[in-house]
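A.B. asks: To be precise about what I am sending: the file is called protein_1.cif and holds mmCIF, C-alpha atoms.
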data_data
loop_
_atom_site.label_atom_id
_atom_site.label_comp_id
_atom_site.auth_asym_id
_atom_site.auth_seq_id
_atom_site.Cartn_x
_atom_site.Cartn_y
_atom_site.Cartn_z
CA MET R 9 228.64 -83.82 -128.58
CA LYS R 10 226.92 -83.24 -125.25
CA ARG R 11 227.24 -86.09 -122.80
CA ARG R 12 224.12 -86.83 -120.80
CA SER R 13 224.56 -87.17 -117.05
CA LEU R 14 225.04 -90.82 -116.12
CA ALA R 15 223.24 -90.29 -112.84
CA ARG R 16 220.16 -89.01 -114.66
CA LEU R 17 220.28 -91.96 -117.03
CA VAL R 18 220.42 -94.47 -114.19
CA VAL R 19 217.56 -92.83 -112.30
CA ALA R 20 215.46 -92.68 -115.44
CA ALA R 21 216.10 -96.34 -116.23
CA ALA R 22 215.25 -97.42 -112.70
CA ALA R 23 212.09 -95.37 -112.69
CA ALA R 24 211.02 -96.80 -116.03
CA THR R 25 211.48 -100.42 -114.93
CA GLY R 26 210.70 -100.13 -111.22
CA LEU R 27 213.22 -102.94 -110.74
CA ALA R 28 216.63 -103.29 -109.18
CA LEU R 29 217.94 -105.74 -111.80
CA SER R 30 217.46 -108.94 -109.84
CA GLY R 31 220.43 -111.23 -109.49
CA CYS R 32 223.00 -108.41 -109.81
CA ASN R 33 225.57 -107.82 -107.10
CA ALA R 34 226.72 -104.40 -105.98
CA THR R 35 229.47 -104.17 -108.60
CA ASP R 36 226.88 -104.65 -111.32
CA GLN R 37 225.06 -101.44 -110.38
CA PRO R 38 226.06 -97.86 -111.15
CA SER R 39 226.49 -96.02 -107.86
CA GLY R 40 225.62 -92.49 -109.01
CA GLY R 41 227.48 -89.65 -110.69
CA SER R 42 231.17 -89.48 -109.89
CA LYS R 43 233.44 -86.76 -111.29
CA GLY R 44 237.09 -86.06 -110.58
CA SER R 45 239.71 -88.21 -112.32
CA ILE R 46 240.28 -91.76 -113.49
CA ASN R 47 243.44 -93.70 -114.29
CA VAL R 48 243.61 -95.60 -117.58
CA LEU R 49 246.21 -98.24 -118.46
CA THR R 50 246.75 -99.07 -122.11
CA MET R 51 249.26 -99.70 -124.88
CA ASP R 52 251.50 -97.09 -126.47
CA ILE R 53 250.23 -97.35 -130.04
CA ALA R 54 248.92 -94.82 -132.55
CA GLN R 55 245.22 -95.34 -131.74
CA MET R 56 245.85 -94.72 -128.03
CA GLN R 57 248.04 -91.69 -128.66
CA GLN R 58 245.21 -90.22 -130.73
CA LEU R 59 242.74 -90.99 -127.96
CA LYS R 60 244.94 -89.24 -125.41
CA GLN R 61 245.34 -86.27 -127.76
CA LEU R 62 241.56 -85.80 -128.04
CA THR R 63 240.54 -86.55 -124.47
CA LYS R 64 241.14 -83.24 -122.71
CA ARG R 65 239.57 -81.02 -125.38
CA HIS R 66 236.51 -83.18 -125.77
CA PHE R 67 235.78 -85.74 -123.05
CA THR R 68 237.15 -83.79 -120.10
CA ALA R 69 235.72 -80.51 -121.36
CA GLU R 70 232.26 -82.08 -121.64
CA THR R 71 232.20 -84.21 -118.48
CA GLY R 72 234.64 -82.62 -116.05
CA ILE R 73 236.43 -85.97 -115.69
CA THR R 74 240.23 -85.87 -115.97
CA VAL R 75 241.85 -88.95 -117.54
CA ASN R 76 245.36 -89.91 -116.45
CA TYR R 77 246.86 -92.25 -119.04
CA THR R 78 249.65 -94.78 -118.60
CA LEU R 79 250.84 -95.90 -122.05
CA LEU R 80 253.26 -98.83 -122.20
CA PRO R 81 254.66 -101.17 -124.89
CA GLU R 82 252.28 -104.07 -125.48
CA ASN R 83 254.17 -106.76 -123.53
CA GLN R 84 254.62 -104.41 -120.57
CA SER R 85 251.01 -103.27 -120.70
CA ARG R 86 249.79 -106.89 -120.61
CA ALA R 87 252.06 -107.74 -117.68
CA ARG R 88 251.05 -104.70 -115.63
CA THR R 89 247.35 -105.28 -116.33
CA ASP R 90 247.68 -108.89 -115.18
CA ARG R 91 249.34 -107.82 -111.92
CA GLU R 92 246.96 -104.93 -111.32
CA PHE R 93 243.74 -106.85 -111.90
CA ALA R 94 244.90 -110.00 -110.11
CA SER R 95 245.77 -107.97 -107.01
CA GLN R 96 242.69 -105.72 -107.32
CA ALA R 97 244.93 -102.90 -106.15
CA GLY R 98 242.63 -100.28 -107.63
CA HIS R 99 245.41 -98.11 -109.00
CA TYR R 100 243.78 -98.15 -112.43
CA ASP R 101 240.08 -97.71 -112.99
CA VAL R 102 240.10 -98.75 -116.66
CA ALA R 103 242.50 -100.91 -118.67
CA ILE R 104 242.64 -102.17 -122.21
CA VAL R 105 242.01 -105.92 -122.24
CA GLY R 106 241.70 -108.41 -125.04
CA SER R 107 239.64 -111.38 -126.11
CA TYR R 108 241.95 -113.70 -124.17
CA GLU R 109 241.85 -111.84 -120.87
CA VAL R 110 238.14 -111.06 -120.53
CA PRO R 111 236.80 -114.61 -119.96
CA ILE R 112 239.56 -115.28 -117.42
CA TYR R 113 239.34 -111.95 -115.61
CA SER R 114 235.54 -112.06 -115.43
CA LYS R 115 235.53 -115.60 -114.04
CA ASN R 116 237.94 -114.46 -111.32
CA GLY R 117 235.79 -111.45 -110.43
CA TRP R 118 238.43 -108.93 -111.55
CA LEU R 119 236.17 -107.02 -113.96
CA ALA R 120 233.01 -105.08 -113.19
CA PRO R 121 230.03 -106.16 -115.33
CA LEU R 122 228.74 -103.41 -117.58
CA ASP R 123 225.19 -104.48 -118.43
CA SER R 124 223.37 -102.00 -116.23
CA TYR R 125 225.49 -99.15 -117.56
CA VAL R 126 224.77 -100.20 -121.14
CA LYS R 127 221.06 -100.48 -120.39
CA ALA R 128 220.96 -96.99 -118.89
CA ASP R 129 223.12 -95.39 -121.58
CA ARG R 130 220.80 -95.88 -124.55
CA SER R 131 222.83 -93.59 -126.81
CA PHE R 132 225.68 -96.10 -126.69
CA ASP R 133 223.96 -98.45 -129.19
CA GLN R 134 225.28 -101.83 -128.11
CA ASP R 135 223.57 -103.53 -131.06
CA ASP R 136 225.90 -101.70 -133.43
CA MET R 137 228.88 -103.73 -132.17
CA PHE R 138 229.95 -106.81 -134.17
CA PRO R 139 228.39 -109.83 -132.43
CA ASN R 140 231.47 -112.03 -132.78
CA LEU R 141 233.55 -109.49 -130.88
CA MET R 142 230.97 -109.13 -128.13
CA ALA R 143 230.84 -112.92 -127.73
CA SER R 144 234.48 -112.86 -126.64
CA LEU R 145 233.74 -110.08 -124.11
CA THR R 146 230.87 -111.93 -122.44
CA GLY R 147 231.38 -114.01 -119.32
CA THR R 148 230.03 -117.49 -118.67
CA ASP R 149 227.28 -115.76 -116.67
CA GLY R 150 226.08 -114.03 -119.83
CA LYS R 151 227.13 -110.55 -118.68
CA THR R 152 229.20 -108.07 -120.68
CA TYR R 153 232.56 -107.25 -119.12
CA ALA R 154 234.27 -105.02 -121.68
CA GLU R 155 233.46 -102.81 -124.66
CA PRO R 156 235.53 -102.83 -127.88
CA PHE R 157 237.72 -99.87 -128.70
CA TYR R 158 238.62 -101.46 -131.99
CA GLY R 159 238.62 -104.93 -133.48
CA GLU R 160 240.91 -106.63 -135.91
CA GLY R 161 241.33 -109.64 -138.09
CA SER R 162 244.42 -110.31 -140.17
CA PHE R 163 245.20 -110.00 -143.84
CA LEU R 164 248.07 -109.99 -146.31
CA MET R 165 249.37 -106.61 -147.46
CA TYR R 166 251.57 -106.42 -150.55
CA ARG R 167 253.39 -103.79 -152.58
CA LYS R 168 251.57 -103.47 -155.88
CA ASP R 169 254.41 -101.43 -157.39
CA LEU R 170 257.05 -104.05 -156.62
CA PHE R 171 254.84 -106.87 -157.86
CA ARG R 172 254.30 -105.02 -161.15
CA LYS R 173 258.03 -104.39 -161.49
CA VAL R 174 258.84 -108.12 -161.41
CA GLY R 175 255.70 -109.21 -163.26
CA LEU R 176 253.90 -110.90 -160.36
CA ALA R 177 250.18 -111.09 -159.61
CA MET R 178 248.74 -111.61 -156.13
CA PRO R 179 245.92 -114.19 -155.94
CA ARG R 180 242.71 -112.87 -154.35
CA ASP R 181 242.67 -115.80 -151.91
CA PRO R 182 246.31 -116.90 -151.55
CA THR R 183 247.64 -120.06 -149.98
CA TRP R 184 250.75 -120.00 -147.84
CA ASP R 185 252.64 -121.97 -150.51
CA GLN R 186 251.79 -119.24 -153.01
CA VAL R 187 252.96 -116.58 -150.55
CA ALA R 188 256.28 -118.36 -150.07
CA SER R 189 256.75 -118.62 -153.84
CA LEU R 190 255.96 -114.93 -154.29
CA ALA R 191 258.31 -113.93 -151.45
CA ALA R 192 261.16 -115.79 -153.14
CA LYS R 193 260.53 -114.04 -156.46
CA VAL R 194 260.07 -110.49 -155.15
CA ASP R 195 262.77 -110.66 -152.46
CA GLY R 196 265.45 -108.00 -153.00
CA THR R 197 263.40 -105.88 -155.42
CA ASN R 198 264.32 -102.25 -154.75
CA GLY R 199 266.16 -103.51 -151.69
CA ALA R 200 262.97 -104.82 -150.04
CA ALA R 201 262.73 -108.12 -148.20
CA GLY R 202 260.18 -110.59 -149.56
CA ILE R 203 257.90 -110.50 -146.51
CA CYS R 204 257.69 -108.95 -143.05
CA LEU R 205 256.59 -111.25 -140.21
CA ARG R 206 256.69 -110.89 -136.44
CA GLY R 207 259.55 -112.73 -134.77
CA MET R 208 259.75 -111.06 -131.35
CA SER R 209 258.92 -113.18 -128.34
CA GLY R 210 255.59 -112.63 -126.61
CA TRP R 211 252.41 -114.64 -126.91
CA GLY R 212 250.77 -111.58 -128.45
CA GLN R 213 253.77 -111.01 -130.71
CA ASN R 214 255.15 -113.85 -132.85
CA LEU R 215 252.52 -116.36 -131.72
CA ALA R 216 249.63 -114.24 -133.06
CA PRO R 217 250.49 -114.78 -136.74
CA LEU R 218 252.19 -118.12 -136.17
CA ASN R 219 249.15 -119.64 -134.47
CA SER R 220 246.99 -118.75 -137.46
CA VAL R 221 249.50 -120.62 -139.64
CA ILE R 222 249.45 -123.60 -137.25
CA ASN R 223 245.64 -123.71 -137.37
CA THR R 224 245.40 -123.68 -141.14
CA PHE R 225 248.19 -126.26 -141.50
CA GLY R 226 246.09 -128.61 -139.36
CA GLY R 227 247.90 -128.23 -136.06
CA ALA R 228 246.57 -127.66 -132.54
CA TRP R 229 248.18 -127.14 -129.16
CA TYR R 230 246.20 -129.96 -127.51
CA ASP R 231 244.01 -132.88 -128.47
CA MET R 232 240.62 -133.43 -126.86
CA LYS R 233 242.22 -135.14 -123.84
CA TRP R 234 244.58 -132.20 -123.28
CA ASN R 235 247.63 -134.05 -124.51
CA ALA R 236 250.17 -131.56 -125.86
CA GLN R 237 250.57 -131.70 -129.66
CA LEU R 238 253.51 -129.34 -130.28
CA THR R 239 255.68 -132.11 -131.74
CA SER R 240 252.93 -133.45 -134.00
CA PRO R 241 253.67 -133.44 -137.76
CA ALA R 242 251.17 -130.68 -138.56
CA PHE R 243 252.39 -128.38 -135.77
CA LYS R 244 256.02 -128.94 -136.72
CA GLU R 245 255.32 -128.37 -140.43
CA ALA R 246 253.67 -125.03 -139.68
CA VAL R 247 256.45 -123.78 -137.41
CA GLN R 248 259.16 -124.94 -139.81
CA PHE R 249 257.38 -123.17 -142.66
CA TYR R 250 257.06 -119.90 -140.73
CA VAL R 251 260.67 -119.97 -139.51
CA ASP R 252 262.03 -120.80 -142.97
CA LEU R 253 259.92 -118.09 -144.59
CA VAL R 254 261.06 -115.32 -142.29
CA ARG R 255 264.70 -116.50 -142.21
CA LYS R 256 264.98 -116.76 -145.99
CA TYR R 257 262.91 -113.79 -147.12
CA GLY R 258 262.08 -111.77 -144.02
CA GLN R 259 263.41 -108.51 -142.63
CA PRO R 260 266.84 -108.40 -140.93
CA ASP R 261 266.84 -109.25 -137.22
CA ALA R 262 263.27 -110.50 -137.46
CA HIS R 263 263.58 -112.08 -134.02
CA ARG R 264 263.60 -108.53 -132.62
CA SER R 265 260.53 -107.42 -134.60
CA GLY R 266 257.19 -107.19 -132.86
CA VAL R 267 254.10 -105.64 -134.34
CA LEU R 268 255.37 -102.05 -134.19
CA GLU R 269 258.85 -102.87 -135.50
CA THR R 270 257.41 -104.95 -138.34
CA LEU R 271 255.01 -102.17 -139.26
CA GLU R 272 257.80 -99.59 -139.19
CA THR R 273 259.88 -101.71 -141.58
CA PHE R 274 256.97 -102.17 -143.98
CA VAL R 275 255.93 -98.50 -143.92
CA ALA R 276 259.54 -97.52 -144.68
CA GLY R 277 259.30 -99.51 -147.94
CA LYS R 278 261.67 -102.26 -146.86
CA CYS R 279 259.32 -105.22 -147.34
CA ALA R 280 257.29 -106.41 -150.32
CA MET R 281 254.60 -108.13 -148.19
CA MET R 282 253.41 -108.12 -144.61
CA TYR R 283 250.98 -110.53 -142.95
CA ASP R 284 249.53 -108.88 -139.87
CA ALA R 285 246.54 -107.18 -138.27
CA THR R 286 243.91 -105.33 -140.28
CA ALA R 287 244.19 -102.46 -137.79
CA LEU R 288 247.60 -101.58 -139.24
CA ALA R 289 246.21 -100.49 -142.60
CA SER R 290 245.50 -96.96 -141.37
CA SER R 291 249.21 -96.55 -140.53
CA VAL R 292 250.26 -98.04 -143.85
CA GLU R 293 248.11 -95.47 -145.69
CA ALA R 294 248.80 -92.52 -143.41
CA ASP R 295 250.50 -89.31 -144.51
CA GLY R 296 254.23 -89.80 -144.18
CA SER R 297 254.14 -93.48 -145.10
CA ALA R 298 256.63 -94.23 -147.88
CA ILE R 299 254.19 -96.75 -149.37
CA LYS R 300 250.93 -94.82 -149.14
CA GLY R 301 248.74 -95.73 -152.12
CA LYS R 302 251.07 -98.52 -153.23
CA VAL R 303 249.63 -101.38 -151.19
CA GLY R 304 247.07 -104.06 -152.02
CA TYR R 305 245.12 -106.10 -149.47
CA VAL R 306 243.94 -109.72 -149.71
CA ALA R 307 242.56 -112.32 -147.34
CA ALA R 308 244.76 -114.06 -144.79
CA PRO R 309 246.64 -116.93 -146.48
CA HIS R 310 245.38 -120.44 -145.81
CA ASP R 311 246.43 -124.03 -146.34
CA LYS R 312 244.14 -126.90 -145.29
CA THR R 313 241.29 -124.67 -144.14
CA GLU R 314 239.12 -122.56 -146.44
CA LYS R 315 239.82 -119.43 -144.40
CA ALA R 316 242.43 -118.43 -141.87
CA GLY R 317 243.51 -115.32 -140.03
CA TRP R 318 242.65 -114.28 -136.52
CA LEU R 319 239.94 -112.41 -134.63
CA TRP R 320 240.79 -110.02 -131.81
CA THR R 321 239.50 -106.98 -130.03
CA TRP R 322 241.15 -104.51 -127.73
CA ALA R 323 238.42 -103.50 -125.31
CA TRP R 324 237.93 -101.32 -122.23
CA GLY R 325 237.29 -103.05 -118.92
CA ILE R 326 236.65 -101.56 -115.47
CA GLN R 327 238.60 -103.00 -112.55
CA ASN R 328 236.19 -104.36 -109.96
CA ALA R 329 238.17 -102.62 -107.21
CA SER R 330 237.74 -99.20 -108.85
CA LYS R 331 236.02 -96.60 -106.69
CA ASN R 332 235.23 -94.53 -109.79
CA LYS R 333 233.11 -96.92 -111.82
CA ASP R 334 230.58 -94.32 -112.95
CA ALA R 335 233.29 -92.01 -114.30
CA ALA R 336 235.04 -95.04 -115.79
CA TRP R 337 231.88 -95.96 -117.68
CA GLU R 338 231.48 -92.42 -118.97
CA PHE R 339 234.99 -92.70 -120.40
CA ILE R 340 234.26 -96.08 -122.01
CA SER R 341 230.93 -94.86 -123.36
CA TRP R 342 232.78 -92.01 -125.07
CA ALA R 343 235.91 -93.86 -126.25
CA SER R 344 233.93 -96.78 -127.75
CA SER R 345 231.14 -94.68 -129.24
CA LYS R 346 230.07 -93.82 -132.77
CA ASP R 347 230.59 -90.20 -131.72
CA TYR R 348 234.26 -90.86 -130.99
CA GLN R 349 234.76 -92.55 -134.37
CA GLU R 350 233.21 -89.50 -136.02
CA LEU R 351 235.39 -87.18 -133.95
CA VAL R 352 238.55 -88.97 -135.09
CA GLY R 353 237.34 -88.98 -138.67
CA THR R 354 236.59 -85.26 -138.60
CA GLU R 355 239.70 -84.07 -136.76
CA LEU R 356 242.36 -86.62 -137.70
CA GLY R 357 241.06 -88.16 -140.92
CA TRP R 358 238.72 -91.07 -141.48
CA ILE R 359 241.47 -93.62 -142.02
CA ALA R 360 242.46 -93.06 -138.38
CA ALA R 361 239.00 -93.97 -137.03
CA PRO R 362 239.25 -97.04 -134.72
CA ALA R 363 237.67 -99.70 -136.90
CA GLY R 364 236.56 -103.32 -136.73
CA SER R 365 234.16 -102.87 -133.83
CA ARG R 366 231.02 -101.07 -135.09
CA LYS R 367 228.93 -102.04 -138.09
CA SER R 368 227.90 -98.44 -138.72
CA LEU R 369 231.45 -97.37 -139.61
CA TYR R 370 231.41 -99.63 -142.66
CA ALA R 371 228.15 -98.07 -143.87
CA ASN R 372 229.64 -94.58 -143.59
CA PRO R 373 230.47 -93.23 -147.09
CA GLU R 374 233.25 -91.05 -145.68
CA TYR R 375 235.02 -94.06 -144.19
CA GLN R 376 234.40 -96.10 -147.32
CA ASN R 377 236.01 -93.41 -149.42
CA ALA R 378 239.00 -92.87 -147.13
CA ALA R 379 239.62 -96.59 -146.62
CA ALA R 380 238.70 -97.67 -150.15
CA ALA R 381 241.89 -99.72 -150.57
CA TRP R 382 241.22 -102.04 -147.66
CA TYR R 383 237.89 -101.56 -145.89
CA ARG R 384 236.15 -104.46 -147.69
CA GLN R 385 238.87 -106.89 -146.64
CA GLU R 386 238.81 -105.40 -143.14
CA TYR R 387 235.05 -105.88 -142.95
CA MET R 388 235.32 -109.47 -144.18
CA ALA R 389 237.99 -110.19 -141.59
CA ALA R 390 235.74 -108.79 -138.86
CA THR R 391 232.69 -110.80 -139.92
CA ASN R 392 234.08 -113.94 -141.56
CA SER R 393 237.39 -114.76 -139.89
CA ALA R 394 238.38 -118.09 -138.40
CA ASP R 395 235.98 -119.42 -135.77
CA PRO R 396 237.61 -119.18 -132.30
CA ARG R 397 235.81 -122.40 -131.33
CA ASN R 398 237.08 -124.34 -134.33
CA PRO R 399 239.79 -122.47 -136.25
CA GLY R 400 241.52 -125.54 -137.68
CA VAL R 401 240.77 -128.98 -139.07
CA SER R 402 240.87 -131.02 -135.86
CA PRO R 403 238.75 -130.71 -132.71
CA ARG R 404 240.33 -129.05 -129.69
CA PRO R 405 239.23 -128.58 -126.07
CA TYR R 406 239.95 -124.86 -125.94
CA THR R 407 238.78 -121.69 -127.69
CA GLY R 408 240.96 -119.11 -129.38
CA VAL R 409 242.53 -118.51 -132.78
CA GLN R 410 245.87 -116.91 -131.87
CA TYR R 411 245.87 -118.15 -128.29
CA VAL R 412 244.74 -121.03 -126.07
CA GLY R 413 241.90 -119.84 -123.87
CA ILE R 414 243.19 -121.03 -120.49
CA PRO R 415 244.83 -118.94 -117.74
CA GLU R 416 248.08 -120.91 -118.05
CA PHE R 417 248.61 -119.77 -121.63
CA ALA R 418 249.92 -116.30 -120.75
CA HIS R 419 252.98 -117.89 -119.15
CA LEU R 420 253.14 -120.89 -121.48
CA GLY R 421 252.78 -118.79 -124.63
CA THR R 422 255.49 -116.39 -123.49
CA LYS R 423 257.90 -119.27 -122.91
CA VAL R 424 257.11 -120.97 -126.23
CA SER R 425 257.32 -117.69 -128.13
CA GLN R 426 260.83 -117.23 -126.76
CA GLU R 427 261.82 -120.64 -128.11
CA ILE R 428 260.42 -119.64 -131.51
CA SER R 429 262.25 -116.31 -131.42
CA TRP R 430 265.54 -118.05 -130.68
CA THR R 431 264.88 -120.38 -133.60
CA ILE R 432 264.27 -117.45 -135.95
CA ALA R 433 267.55 -115.97 -134.68
CA GLY R 434 269.33 -119.20 -135.67
CA ARG R 435 270.23 -120.20 -132.13
CA GLN R 436 268.47 -123.57 -132.23
CA SER R 437 266.55 -125.87 -134.55
CA VAL R 438 262.78 -126.10 -134.85
CA ASP R 439 262.95 -129.65 -133.49
CA THR R 440 264.78 -128.48 -130.37
CA ALA R 441 262.41 -125.55 -129.84
CA LEU R 442 259.32 -127.73 -130.16
CA GLN R 443 260.64 -130.50 -127.95
CA LYS R 444 261.21 -127.98 -125.14
CA SER R 445 257.85 -126.37 -125.89
CA GLN R 446 256.09 -129.75 -125.81
CA GLU R 447 257.33 -130.32 -122.27
CA LEU R 448 256.16 -126.86 -121.22
CA ALA R 449 252.73 -127.41 -122.78
CA HIS R 450 252.40 -130.84 -121.18
CA ALA R 451 253.09 -129.40 -117.72
CA ALA R 452 250.74 -126.41 -118.26
CA ALA R 453 247.73 -128.65 -118.97
CA GLU R 454 248.23 -131.17 -116.19
CA LYS R 455 245.04 -130.27 -114.35
CA TYR R 456 242.94 -130.52 -117.52
CA ARG R 457 244.03 -133.98 -118.68
CA THR R 458 241.56 -136.82 -118.47
CA ASP R 459 243.97 -139.73 -119.06
#
Mind turning this structure into structure tokens?
C.D. replies:
Amino acid sequence: MKRRSLARLVVAAAAATGLALSGCNATDQPSGGSKGSINVLTMDIAQMQQLKQLTKRHFTAETGITVNYTLLPENQSRARTDREFASQAGHYDVAIVGSYEVPIYSKNGWLAPLDSYVKADRSFDQDDMFPNLMASLTGTDGKTYAEPFYGEGSFLMYRKDLFRKVGLAMPRDPTWDQVASLAAKVDGTNGAAGICLRGMSGWGQNLAPLNSVINTFGGAWYDMKWNAQLTSPAFKEAVQFYVDLVRKYGQPDAHRSGVLETLETFVAGKCAMMYDATALASSVEADGSAIKGKVGYVAAPHDKTEKAGWLWTWAWGIQNASKNKDAAWEFISWASSKDYQELVGTELGWIAAPAGSRKSLYANPEYQNAAAAWYRQEYMAATNSADPRNPGVSPRPYTGVQYVGIPEFAHLGTKVSQEISWTIAGRQSVDTALQKSQELAHAAAEKYRTD
């Protein structure tokens, strides 16, 4: 895979148009070829470890650009990215950012717009990206501020072998009541818990699955006047259901289980079901997994809505303060490309290809064959998941499925998730947790209220 010189691409594009892209500021324009090194901040997860493994032999060998990675646990990565981009310190050129961060960061001028890079780099094929993911990476000015590395929805994974052993059948489109009933019946089979669910604090940890339950149960964080609704009947019913489910039939010490811990428990064969991100399927089916080939996949459970689940993308953004934007784009153009997906598929196996971002991957027979057990559900989650603008049954003044799309939510969600985690640990009741959370949510939305 030969990388074309970015400088040549920019010159060619400018010559072809004879324009300087009117209305763009200096950070919206590539500044010419820049080699050397870049610093990348991201999470310490399998997809990123694979990326790091392949970078030197492929990207650096082809471009001459050295990539210095900082890989951190998800909560730490989020916190450092927030500090770094808010301060515009310039220590990191590129960071992994999500659907929640991009609208906020771009509004604050913390991210460099990418449109002119995309326009110049015609091999990138922007139109191949799923439109719903790109919508979350577009600022209010209509510019693109990040490019997906992978995308994810959520679905329910279940052990077909354990279900057969106790004579159970999984519905193709289960409700949460059905899931709870199944968890009770399969719990303890071969020593496995009925269901694995995230309980660790962190707005991107236990609140990711819990918020999808709240939405489908009819709850919302705020009404249209920004009055907090965390003690409303629907919100309370959803939280009580989730807490009861994981306390009765979940993994031990669930309050300490984030996404990686929950996955590790499921892959070890210690849970009969797991509701979580579609991106985890490749780990579930990887060599070394105790449950490889034993898992079925169905749509995210629902209640009052016809569909549920979440929609998320981890995407690459360039810090506006970076002095290496051209090299940073070359990295993004490689890491988010069809070529990179093919590289992973060829060298590491097609189930490891970062999925959920490009339509072309799902038309690839090699990926279809490797991911036969789940790719259809993964594709449906990417294209037909809950609408971030209206994921529940009642109107709301914010966007987001597993988050509230306001800057205050990062702090608010972290505080509320801690209350939920303590409740799962048995340290307080749901009523107590939600009363404290209601007060936090009320204070967080003070500037938005119209009453």
A.B. asks: One decimal, Å: what's the distance from CA of Met232 in chain R over to CA of Lys455 in chain R, could you say?
C.D. replies: 13.6 Å
A.B. asks: Could you list, as an MDAnalysis selection string, every residue within 8 Å of range 44-54 of chain R, counting only C-alpha atoms and ignoring same-chain residues fewer than 4 positions away?
C.D. replies: chainID R and resid 58 72:82 85 89 99:104 332 335:336
A.B. asks: Need to verify the contact set: Val401 in chain R, 12 Å, only C-alpha atoms, exclusion of same-chain residues closer than 4 positions in sequence. Can you return it as a VMD selection string?
C.D. replies: chain R and resid 222 to 228 231 242 310 to 316 394 to 395 397
A.B. asks: For Asp439 in chain R, please output as a list of chain:residue names all residues within 8 Å (counting only C-alpha atoms; exclusion window: fewer than 4 positions along the same chain).
C.D. replies: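 Answer for this query is R:Thr239, R:Lys244, R:Gln443.
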A.B. asks: Since we have the selection now, will you write its residues out, keeping C-alpha atoms, as a PDB file, in the coordinates of the input?
C.D. replies:
ATOM      1  CA  THR R 239     255.680-132.110-131.740  1.00  0.00           C
ATOM      2  CA  LYS R 244     256.020-128.940-136.720  1.00  0.00           C
ATOM      3  CA  GLN R 443     260.640-130.500-127.950  1.00  0.00           C
TER       4      GLN R 443
END
A.B. asks: I need the output of the PyMOL selection byres ((chain R and resi 198) around 9) for this file as JSON, numbers by chain; which residues are they?
C.D. replies: {"R": [170, 195, 196, 197, 199, 200, 201, 277, 278]}
A.B. asks: Between R:Pro156, R:Gly106, R:Gly207, R:Gly150, which has the minimum distance to Asp252 in chain R (counting all atoms listed in the file)?
C.D. replies: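 With all atoms listed in the file as the atom set, the closest residue is R:Gly207.
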A.B. asks: So how far away is CA of Gln213 in chain R from CA of Asn83 in chain R, in Å?
C.D. replies: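 If I compute the distance from CA of Asn83 in chain R to CA of Gln213 in chain R, I get 8.4 Å.
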A.B. asks: Could you tell me how far CA of Arg65 in chain R lies from CA of Thr354 in chain R, in Å and to one decimal?
C.D. replies: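 A separation of 14.2 Å between them.
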A.B. asks: Using the chain letters and numbers from the file, give me the residues hit by the PyMOL selection byres ((chain R and resi 131) around 10), as an MDAnalysis selection string.
C.D. replies: chainID R and resid 11:12 126:130 132:134 341 345:347
A.B. asks: Just to be explicit: take each residue in the selection above, keep C-alpha atoms, and write the result as a CSV table (one decimal), in the frame of the given file.
C.D. replies:
chain,number,residue,atom,x,y,z
R,11,ARG,CA,227.2,-86.1,-122.8
R,12,ARG,CA,224.1,-86.8,-120.8
R,126,VAL,CA,224.8,-100.2,-121.1
R,127,LYS,CA,221.1,-100.5,-120.4
R,128,ALA,CA,221.0,-97.0,-118.9
R,129,ASP,CA,223.1,-95.4,-121.6
R,130,ARG,CA,220.8,-95.9,-124.6
R,132,PHE,CA,225.7,-96.1,-126.7
R,133,ASP,CA,224.0,-98.4,-129.2
R,134,GLN,CA,225.3,-101.8,-128.1
R,341,SER,CA,230.9,-94.9,-123.4
R,345,SER,CA,231.1,-94.7,-129.2
R,346,LYS,CA,230.1,-93.8,-132.8
R,347,ASP,CA,230.6,-90.2,-131.7
A.B. asks: Between R:Trp318, R:Trp211, R:Trp337, R:Trp358, single out the one closest to Ala379 in chain R, counting only C-alpha atoms.
C.D. replies: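 Nearest candidate to Ala379 in chain R out of R:Trp318, R:Trp211, R:Trp337, R:Trp358: R:Trp358.
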A.B. asks: With only C-alpha atoms as the counted atoms, please give the residues lying no more than 7 Å from range 321-327 of chain R, apart from itself and same-chain residues fewer than 2 positions off, as a list of chain:residue names.
C.D. replies: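 Close residues of range 321-327 of chain R: R:Phe93, R:Gly98, R:Asp101, R:Val102, R:Ala103, R:Ile104, R:Val105, R:Gly106, R:Ser107, R:Trp118, R:Leu119, R:Ala120, R:Leu141, R:Tyr153, R:Ala154, R:Glu155, R:Pro156, R:Phe157, R:Tyr158, R:Gly159, R:Glu160, R:Ala329, R:Ser330, R:Lys333, R:Ala336, R:Ile340.
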A.B. asks: I want to know what sits within 12 Å of Arg384 in chain R, based on only C-alpha atoms, with residues of the same chain fewer than 3 positions away left out; could you give that as a list in words?
C.D. replies: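 Listed by chain and then number, they are Phe163, Thr286, Ala289, Gly304, Tyr305, Val306, Ala307, Ala363, Gly364, Leu369, Tyr370, Ala371, Tyr375, Gln376, Asn377, Ala378, Ala379, Ala380, Ala381, Tyr387, Met388, Ala389, Ala390, Thr391 and Asn392 of chain R.
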A.B. asks: Identify which of the residues R:Val438, R:Leu145, R:Trp430, R:Ser368 lies closest to Phe249 in chain R, counting all atoms listed in the file when measuring atom-to-atom distances.
C.D. replies: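 Answer, going by the shortest atom-to-atom distance: R:Val438.
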A.B. asks: Restricting the calculation to all atoms listed in the file: of R:Lys60, R:Lys151, R:Lys256, R:Arg167, which residue gets closest to Ala188 in chain R?
C.D. replies: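 Among the listed residues, the smallest separation from Ala188 in chain R belongs to R:Lys256.
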